[in-house]
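*Asks:* Sending over a structure as C-alpha cells; questions will come in a sec.
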Amino acid sequence: WSANLKTVSVAQPLSVQPSRGLIDEKFIVLVQNALPGSQLTIHALHQCEDGHSWEAFGHYTADTTGTVNVSEDPSMGGTYSGVEQMGLLWSLRSVPGSKPGLRMRKKNVQAPMEVTISVYKGHQTQGFADMVPLSGVMVERWYMAPGVRRIPITEDGLTATLFLPSGPGPFPGLLDLWGGGGQLVEYRAALLASHGIASMAIDYLTANITRKTGKMVDNQYFETAYRVLQQHPQVCSSRIAMMGLSFGTSITLKMAIYSKVIKLSCAVCISGSHVQPVDGSVEEILKYFHKNAEKTRLNEKNEVIWRDLLLPIPTDPLLKADVGQLQCPLLLVVGEDDQNWPAPESALDETMERAGNSHLLTVLSYPNAGHLIEPPYTPHARSSTFRTVELSQKVMCLWGGQTAEHSQAQEDAWRKMLVFLRENLAK
C-alpha cells in the first residue's frame, strides 16, 4: 500500500499504522506528546456509501510520557471498554439521530472504507461534529488487496462476480453464497481473493434471469457457476470450496451432498441449518420455511424472530439434508444467540457420528454471537431492516448477539476459516 496520509493537524501527533490496509488487518493507534495524565477521547467517523454516518469512541488517560497506545491501554468508556485494539472499528454505530435499523455493508469494493480517527480533549460522548479535534488522520480499509482483479460474470445466465488473487495462479477456487436478502454481495469474496482464493460471489435469489423471467433459479444454476469457476484458466479445477451464510448454507449443504457435478474439497457453513426438503428447488425450500410463518415471534421492540420456523428439527429424513453422506470436510460456524436461524440446534455432530463421517466435521460455536457472523471488525448489527426476496416486505429483523462477544467471534471465526480453507484447498 502506498502511504498517502491525510492529516488534519499536527498539534497533537496522532498516528495510525498502517494507514492503508485490508479490512481484516489490525492497526496501531498512537497518541504522543499529550499532557501526562490528561483525559482524551479517541474517535472514529465513517460515512457510508449510502450517506449515513457511523462513529465509535473510547475514553483514555495519557500515561506519564503523554502517550496513549490503543493496542495496549484500556478504554474507560465510550462505545467499547478495556484493551481493544480494533474497538474503533467493530464498535462503530450509526450516529445519534440516524434512522433506525441501519446495517453497514460495503457496496463498491473497488473503493476503500475511509475512516477518520481523531483525538479530542477530555472524555466526550456526544456532539463530536461541533468540536474541533486536537488531531486527526484518515485511514483506508480495503476488501481488495493490490492486484486483485474483479471480473463480472454474465455467461450462461449467471449473475456473479469473480475475484482473482494477484499473480498468475492457478489458485484454489470458492463459490460464495449469501442469504435470503438476495443481491450480488461482493465484499467477502473480494477479501477471500485478497488471501489467495479465487472467489465467486453469486446472486441466486435476485439474479438477472429471475428478474427477467420471474422464475427462481434451479439447482443447475449452482452447477453452472461451479463449472465456470472450475474451467477458468487461473483456477485449479480440483481444489474448489463452497461457503454459505444463512440460506446460503442450505444451498451449500444441498450441493455438497447431492450434486453429481459439484465435487468440493471442503465447505464452510455459517449460521444455517440442514433442515430442508431434500428434493426441493430453491423456491420449494423457501416455501417450506414459510409454511411455518405462524411460528414467527416478535420481541418487545417489535423485532421479528424467525429462528422457530425450522423448529423442532424434523424427524422425517426427507426434510433434512443427509449430512451422513457428506464426503468433504465441513466447517460449521454457529452463533449461540442466533435469533434468525436455529443454528445451535442444527449442530450435526450426532448425525455424522452415527454415519461414521464425524471426522469431517469441525464446529466453531460462539456464546453471545448472533446470526450475522461477518469478516473481522464488521460493526455488529443486533437488528436491522431486512427485505425478504419472496415476500418483498421490509421488516425489522432480530439477528442477535452482544457486540463485544459477537465481534470477538467474527475475528476468531475468520482466522480459523482461512486456516481451514488453506489446509483443505492445498490438498
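Ordering of the C-alpha cells sets the chain letters (A, B, ...), residue numbers begin anew at 1 in every chain, and ligands are numbered from 1 in the order given.
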DSSP on the backbone: which residues in segment 124-196 of chain A end up as strand (DSSP E)? Give the answer as a PyMOL selection string.
*Replies:* chain A and resi 135-142+149-153+160-164+171-177
*Asks:* Please produce a file of those selected residues containing N, CA and C atoms, as a short mmCIF file (atom, residue, chain, number, x, y, z; two decimals), in the first residue's frame.
*Replies:*
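Once everything was written out, this is result_16.cif:
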data_model
loop_
_atom_site.label_atom_id
_atom_site.label_comp_id
_atom_site.auth_asym_id
_atom_site.auth_seq_id
_atom_site.Cartn_x
_atom_site.Cartn_y
_atom_site.Cartn_z
N SER A 135 -6.22 16.54 16.84
CA SER A 135 -5.51 15.97 15.70
C SER A 135 -6.39 14.93 15.03
N GLY A 136 -6.13 14.67 13.76
CA GLY A 136 -6.94 13.67 13.06
C GLY A 136 -6.20 13.05 11.89
N VAL A 137 -6.55 11.83 11.56
CA VAL A 137 -5.90 11.10 10.47
C VAL A 137 -6.96 10.31 9.71
N MET A 138 -6.85 10.28 8.39
CA MET A 138 -7.75 9.46 7.57
C MET A 138 -7.07 8.13 7.29
N VAL A 139 -7.78 7.03 7.54
CA VAL A 139 -7.23 5.72 7.21
C VAL A 139 -8.12 5.04 6.17
N GLU A 140 -7.51 4.17 5.39
CA GLU A 140 -8.23 3.42 4.35
C GLU A 140 -8.22 1.95 4.69
N ARG A 141 -9.40 1.34 4.59
CA ARG A 141 -9.54 -0.10 4.82
C ARG A 141 -10.12 -0.71 3.55
N TRP A 142 -9.41 -1.68 2.99
CA TRP A 142 -9.76 -2.25 1.70
C TRP A 142 -10.23 -3.70 1.81
N ARG A 149 -8.20 -8.87 -9.03
CA ARG A 149 -9.00 -8.47 -10.20
C ARG A 149 -10.47 -8.79 -9.99
N ARG A 150 -11.32 -7.87 -10.37
CA ARG A 150 -12.77 -8.05 -10.25
C ARG A 150 -13.35 -8.28 -11.65
N ILE A 151 -13.97 -9.45 -11.84
CA ILE A 151 -14.46 -9.83 -13.17
C ILE A 151 -15.96 -10.15 -13.10
N PRO A 152 -16.82 -9.27 -13.65
CA PRO A 152 -18.25 -9.58 -13.67
C PRO A 152 -18.51 -10.82 -14.55
N ILE A 153 -19.36 -11.72 -14.09
CA ILE A 153 -19.69 -12.95 -14.82
C ILE A 153 -21.16 -12.91 -15.22
N ALA A 160 -22.98 -12.99 -11.31
CA ALA A 160 -21.91 -13.30 -10.36
C ALA A 160 -20.71 -12.37 -10.60
N THR A 161 -19.81 -12.36 -9.64
CA THR A 161 -18.55 -11.63 -9.79
C THR A 161 -17.42 -12.52 -9.31
N LEU A 162 -16.41 -12.66 -10.15
CA LEU A 162 -15.23 -13.45 -9.80
C LEU A 162 -14.12 -12.51 -9.36
N PHE A 163 -13.52 -12.81 -8.23
CA PHE A 163 -12.35 -12.06 -7.76
C PHE A 163 -11.14 -12.98 -7.83
N LEU A 164 -10.15 -12.56 -8.63
CA LEU A 164 -8.93 -13.36 -8.80
C LEU A 164 -7.80 -12.73 -7.99
N PHE A 171 -5.08 -20.73 -8.88
CA PHE A 171 -5.49 -20.55 -7.49
C PHE A 171 -6.59 -21.55 -7.13
N PRO A 172 -6.69 -21.91 -5.85
CA PRO A 172 -7.88 -22.65 -5.43
C PRO A 172 -9.10 -21.75 -5.60
N GLY A 173 -10.28 -22.36 -5.77
CA GLY A 173 -11.49 -21.58 -6.02
C GLY A 173 -12.53 -21.74 -4.92
N LEU A 174 -13.49 -20.81 -4.89
CA LEU A 174 -14.56 -20.86 -3.88
C LEU A 174 -15.81 -20.19 -4.45
N LEU A 175 -16.97 -20.83 -4.22
CA LEU A 175 -18.26 -20.23 -4.53
C LEU A 175 -18.81 -19.63 -3.25
N ASP A 176 -19.18 -18.35 -3.30
CA ASP A 176 -19.57 -17.61 -2.09
C ASP A 176 -21.05 -17.25 -2.16
N LEU A 177 -21.83 -17.80 -1.22
CA LEU A 177 -23.29 -17.60 -1.23
C LEU A 177 -23.76 -16.89 0.03
#
*Asks:* Pick out the residues sitting within 10 Å of Phe27 of chain A, and hand them over as a ChimeraX atom specification; count only C-alpha atoms, and ignore anything fewer than 5 positions along from it in its own chain.
*Replies:* /A:15-22,70-71,85-86,139
*Asks:* Please produce a file of those selected residues containing N, CA, C and O atoms, as a compact mmCIF listing (two decimals), in the first residue's frame.
*Replies:*
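The result, stored in selection-v3.txt:
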# COMPACT_ATOMS: atom_id res chain seq x y z
N SER A 15 -0.89 8.96 15.25
CA SER A 15 -0.50 8.13 14.11
C SER A 15 -1.33 6.85 14.10
O SER A 15 -1.68 6.33 15.16
N VAL A 16 -1.65 6.38 12.90
CA VAL A 16 -2.33 5.11 12.72
C VAL A 16 -1.50 4.32 11.71
O VAL A 16 -1.29 4.77 10.59
N GLN A 17 -1.03 3.15 12.15
CA GLN A 17 -0.18 2.32 11.27
C GLN A 17 -0.73 0.91 11.19
O GLN A 17 -1.00 0.31 12.21
N PRO A 18 -0.90 0.31 9.99
CA PRO A 18 -0.75 1.00 8.71
C PRO A 18 -1.95 1.91 8.44
O PRO A 18 -3.06 1.60 8.86
N SER A 19 -1.70 2.99 7.75
CA SER A 19 -2.79 3.93 7.44
C SER A 19 -3.65 3.41 6.29
O SER A 19 -4.75 3.88 6.06
N ARG A 20 -3.13 2.41 5.58
CA ARG A 20 -3.86 1.80 4.48
C ARG A 20 -3.65 0.29 4.57
O ARG A 20 -2.52 -0.17 4.64
N GLY A 21 -4.74 -0.47 4.62
CA GLY A 21 -4.58 -1.92 4.76
C GLY A 21 -5.88 -2.63 4.47
O GLY A 21 -6.90 -2.01 4.16
N LEU A 22 -5.84 -3.95 4.58
CA LEU A 22 -7.05 -4.74 4.39
C LEU A 22 -7.98 -4.57 5.58
O LEU A 22 -7.54 -4.29 6.69
N VAL A 70 -3.59 2.56 21.78
CA VAL A 70 -4.90 1.89 21.83
C VAL A 70 -4.75 0.37 21.89
O VAL A 70 -5.61 -0.32 22.44
N SER A 71 -3.66 -0.17 21.36
CA SER A 71 -3.50 -1.63 21.37
C SER A 71 -3.03 -2.15 22.74
O SER A 71 -3.04 -3.36 22.97
N GLN A 85 -7.83 -3.31 20.68
CA GLN A 85 -7.04 -2.69 19.62
C GLN A 85 -7.90 -2.19 18.46
O GLN A 85 -7.66 -1.14 17.90
N MET A 86 -8.95 -2.97 18.13
CA MET A 86 -9.77 -2.62 16.97
C MET A 86 -11.17 -2.15 17.36
O MET A 86 -12.10 -2.12 16.53
N VAL A 139 -7.78 7.03 7.54
CA VAL A 139 -7.23 5.72 7.21
C VAL A 139 -8.12 5.04 6.17
O VAL A 139 -9.32 5.31 6.09
*Asks:* Could you check which of A:Gly97, A:Gly87, A:Gly122, A:Pro168 is closest to His59 of chain A, using only C-alpha atoms?
*Replies:*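 Answer, going by the shortest atom-to-atom distance: A:Gly122.
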*Asks:* Contacts of segment 407-415 of chain A at 7 Å or less, counting only C-alpha atoms, minus same-chain residues fewer than 6 places along, as an mmCIF file with N, CA and C atoms, in the first residue's frame?
*Replies:*
data_model
loop_
_atom_site.group_PDB
_atom_site.id
_atom_site.type_symbol
_atom_site.label_atom_id
_atom_site.label_comp_id
_atom_site.auth_asym_id
_atom_site.auth_seq_id
_atom_site.Cartn_x
_atom_site.Cartn_y
_atom_site.Cartn_z
ATOM 1 N N TRP A 90 -14.886 -2.147 15.263
ATOM 2 C CA TRP A 90 -16.003 -3.077 15.494
ATOM 3 C C TRP A 90 -17.146 -2.472 16.303
ATOM 4 N N TYR A 366 -20.027 -20.074 19.246
ATOM 5 C CA TYR A 366 -19.662 -18.867 19.997
ATOM 6 C C TYR A 366 -20.822 -18.374 20.857
ATOM 7 N N ALA A 369 -22.815 -14.750 20.335
ATOM 8 C CA ALA A 369 -22.676 -14.275 18.951
ATOM 9 C C ALA A 369 -24.023 -14.464 18.267
ATOM 10 N N ILE A 373 -22.442 -13.428 11.267
ATOM 11 C CA ILE A 373 -21.008 -13.573 11.566
ATOM 12 C C ILE A 373 -20.261 -13.245 10.274
ATOM 13 N N GLU A 374 -19.667 -12.054 10.264
ATOM 14 C CA GLU A 374 -19.094 -11.445 9.056
ATOM 15 C C GLU A 374 -17.571 -11.349 9.182
ATOM 16 N N PRO A 375 -16.884 -10.836 8.155
ATOM 17 C CA PRO A 375 -15.437 -10.623 8.293
ATOM 18 C C PRO A 375 -15.101 -9.726 9.486
ATOM 19 N N PRO A 376 -13.868 -9.850 10.007
ATOM 20 C CA PRO A 376 -13.478 -9.122 11.222
ATOM 21 C C PRO A 376 -13.741 -7.617 11.147
ATOM 22 N N TYR A 377 -14.107 -7.084 12.292
ATOM 23 C CA TYR A 377 -14.287 -5.633 12.518
ATOM 24 C C TYR A 377 -15.493 -5.061 11.781
ATOM 25 N N HIS A 380 -21.287 -4.696 14.447
ATOM 26 C CA HIS A 380 -22.339 -5.643 14.812
ATOM 27 C C HIS A 380 -23.715 -4.996 14.682
#
*Asks:* At a cut-off of 12 Å, using only C-alpha atoms, what residues contact Asn299 of chain A? Leave out same-chain residues fewer than 2 positions from it and give the result as a list in words.
*Replies:*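 Selected residues are Thr296, Arg297, Lys301, Asn302, Glu303, Val304, Ile305, Trp306, Gln339, Ser383, Met396, Cys397, Leu398, Trp399 and Gly400 of chain A.
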*Asks:* I need the residues from that last selection saved to file as a short mmCIF file (atom, residue, chain, number, x, y, z; two decimals), in the first residue's frame (with all heavy atoms), if you can.
*Replies:*
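Contents of selection-v1.cif, as written:
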data_model
loop_
_atom_site.label_atom_id
_atom_site.label_comp_id
_atom_site.auth_asym_id
_atom_site.auth_seq_id
_atom_site.Cartn_x
_atom_site.Cartn_y
_atom_site.Cartn_z
N THR A 296 -43.42 -17.31 13.64
CA THR A 296 -42.69 -16.04 13.77
C THR A 296 -43.05 -15.40 15.11
O THR A 296 -44.21 -15.37 15.50
CB THR A 296 -43.09 -15.07 12.63
OG1 THR A 296 -42.79 -15.70 11.39
CG2 THR A 296 -42.34 -13.75 12.73
N ARG A 297 -42.02 -14.92 15.80
CA ARG A 297 -42.26 -14.21 17.07
C ARG A 297 -41.80 -12.77 16.95
O ARG A 297 -40.96 -12.43 16.11
CB ARG A 297 -41.45 -14.87 18.20
CG ARG A 297 -42.04 -16.18 18.71
CD ARG A 297 -41.27 -16.69 19.92
NE ARG A 297 -39.95 -17.23 19.57
CZ ARG A 297 -38.83 -16.95 20.24
NH1 ARG A 297 -38.84 -16.11 21.26
NH2 ARG A 297 -37.68 -17.49 19.86
N LYS A 301 -39.55 -4.95 21.20
CA LYS A 301 -39.30 -3.82 20.29
C LYS A 301 -39.96 -4.05 18.93
O LYS A 301 -39.66 -3.33 17.97
CB LYS A 301 -37.79 -3.63 20.08
CG LYS A 301 -37.03 -3.20 21.33
CD LYS A 301 -35.57 -3.02 20.92
CE LYS A 301 -34.69 -2.72 22.12
NZ LYS A 301 -33.27 -2.83 21.74
N ASN A 302 -40.77 -5.08 18.82
CA ASN A 302 -41.42 -5.44 17.54
C ASN A 302 -40.42 -5.91 16.49
O ASN A 302 -40.66 -5.76 15.29
CB ASN A 302 -42.25 -4.28 16.99
CG ASN A 302 -43.72 -4.49 17.30
OD1 ASN A 302 -44.11 -5.53 17.83
ND2 ASN A 302 -44.54 -3.51 17.00
N GLU A 303 -39.31 -6.46 16.94
CA GLU A 303 -38.34 -7.02 16.00
C GLU A 303 -38.70 -8.49 15.74
O GLU A 303 -39.10 -9.23 16.64
CB GLU A 303 -36.92 -6.91 16.59
CG GLU A 303 -36.47 -5.46 16.71
CD GLU A 303 -35.24 -5.28 17.58
OE1 GLU A 303 -34.97 -6.11 18.46
OE2 GLU A 303 -34.55 -4.25 17.39
N VAL A 304 -38.56 -8.88 14.47
CA VAL A 304 -39.00 -10.20 14.04
C VAL A 304 -37.96 -11.27 14.38
O VAL A 304 -36.78 -11.11 14.09
CB VAL A 304 -39.25 -10.19 12.51
CG1 VAL A 304 -39.56 -11.58 11.99
CG2 VAL A 304 -40.39 -9.24 12.17
N ILE A 305 -38.44 -12.36 15.00
CA ILE A 305 -37.58 -13.50 15.35
C ILE A 305 -38.06 -14.70 14.51
O ILE A 305 -39.19 -15.15 14.66
CB ILE A 305 -37.66 -13.83 16.85
CG1 ILE A 305 -37.20 -12.62 17.68
CG2 ILE A 305 -36.84 -15.06 17.19
CD1 ILE A 305 -37.52 -12.70 19.15
N TRP A 306 -37.18 -15.19 13.63
CA TRP A 306 -37.57 -16.27 12.72
C TRP A 306 -36.99 -17.63 13.08
O TRP A 306 -37.25 -18.62 12.39
CB TRP A 306 -37.15 -15.91 11.29
CG TRP A 306 -38.13 -15.06 10.56
CD1 TRP A 306 -39.49 -15.10 10.67
CD2 TRP A 306 -37.84 -14.04 9.60
NE1 TRP A 306 -40.07 -14.17 9.84
CE2 TRP A 306 -39.08 -13.49 9.17
CE3 TRP A 306 -36.67 -13.52 9.06
CZ2 TRP A 306 -39.17 -12.48 8.23
CZ3 TRP A 306 -36.76 -12.51 8.11
CH2 TRP A 306 -37.99 -11.99 7.71
N GLN A 339 -30.81 -15.39 16.56
CA GLN A 339 -32.27 -15.25 16.70
C GLN A 339 -32.99 -15.39 15.36
O GLN A 339 -34.20 -15.27 15.28
CB GLN A 339 -32.61 -13.88 17.32
CG GLN A 339 -32.06 -13.68 18.72
CD GLN A 339 -32.63 -14.69 19.70
OE1 GLN A 339 -33.82 -14.95 19.72
NE2 GLN A 339 -31.76 -15.27 20.51
N SER A 383 -29.92 -5.93 15.27
CA SER A 383 -31.13 -5.99 14.44
C SER A 383 -30.95 -4.99 13.31
O SER A 383 -30.16 -4.04 13.41
CB SER A 383 -32.37 -5.65 15.27
OG SER A 383 -32.26 -4.36 15.82
N MET A 396 -38.16 -5.26 10.55
CA MET A 396 -37.02 -5.08 11.45
C MET A 396 -36.69 -6.46 12.00
O MET A 396 -37.47 -7.06 12.73
CB MET A 396 -37.38 -4.10 12.57
CG MET A 396 -36.19 -3.70 13.41
SD MET A 396 -34.98 -2.69 12.53
CE MET A 396 -35.79 -1.10 12.54
N CYS A 397 -35.55 -6.98 11.59
CA CYS A 397 -35.20 -8.36 11.87
C CYS A 397 -34.22 -8.43 13.04
O CYS A 397 -33.24 -7.67 13.06
CB CYS A 397 -34.54 -8.93 10.62
SG CYS A 397 -34.63 -10.67 10.55
N LEU A 398 -34.47 -9.32 13.99
CA LEU A 398 -33.54 -9.51 15.12
C LEU A 398 -32.54 -10.61 14.74
O LEU A 398 -32.92 -11.75 14.49
CB LEU A 398 -34.31 -9.91 16.38
CG LEU A 398 -33.43 -10.06 17.64
CD1 LEU A 398 -32.84 -8.71 18.08
CD2 LEU A 398 -34.23 -10.66 18.79
N TRP A 399 -31.27 -10.23 14.70
CA TRP A 399 -30.21 -11.17 14.35
C TRP A 399 -29.57 -11.79 15.59
O TRP A 399 -29.08 -12.90 15.56
CB TRP A 399 -29.12 -10.48 13.52
CG TRP A 399 -29.62 -9.73 12.33
CD1 TRP A 399 -29.61 -8.37 12.15
CD2 TRP A 399 -30.20 -10.27 11.14
NE1 TRP A 399 -30.14 -8.03 10.93
CE2 TRP A 399 -30.52 -9.18 10.28
CE3 TRP A 399 -30.48 -11.57 10.70
CZ2 TRP A 399 -31.10 -9.36 9.03
CZ3 TRP A 399 -31.07 -11.75 9.46
CH2 TRP A 399 -31.36 -10.65 8.64
N GLY A 400 -29.51 -10.99 16.67
CA GLY A 400 -28.93 -11.49 17.92
C GLY A 400 -27.47 -11.08 18.07
O GLY A 400 -26.87 -10.43 17.22
#
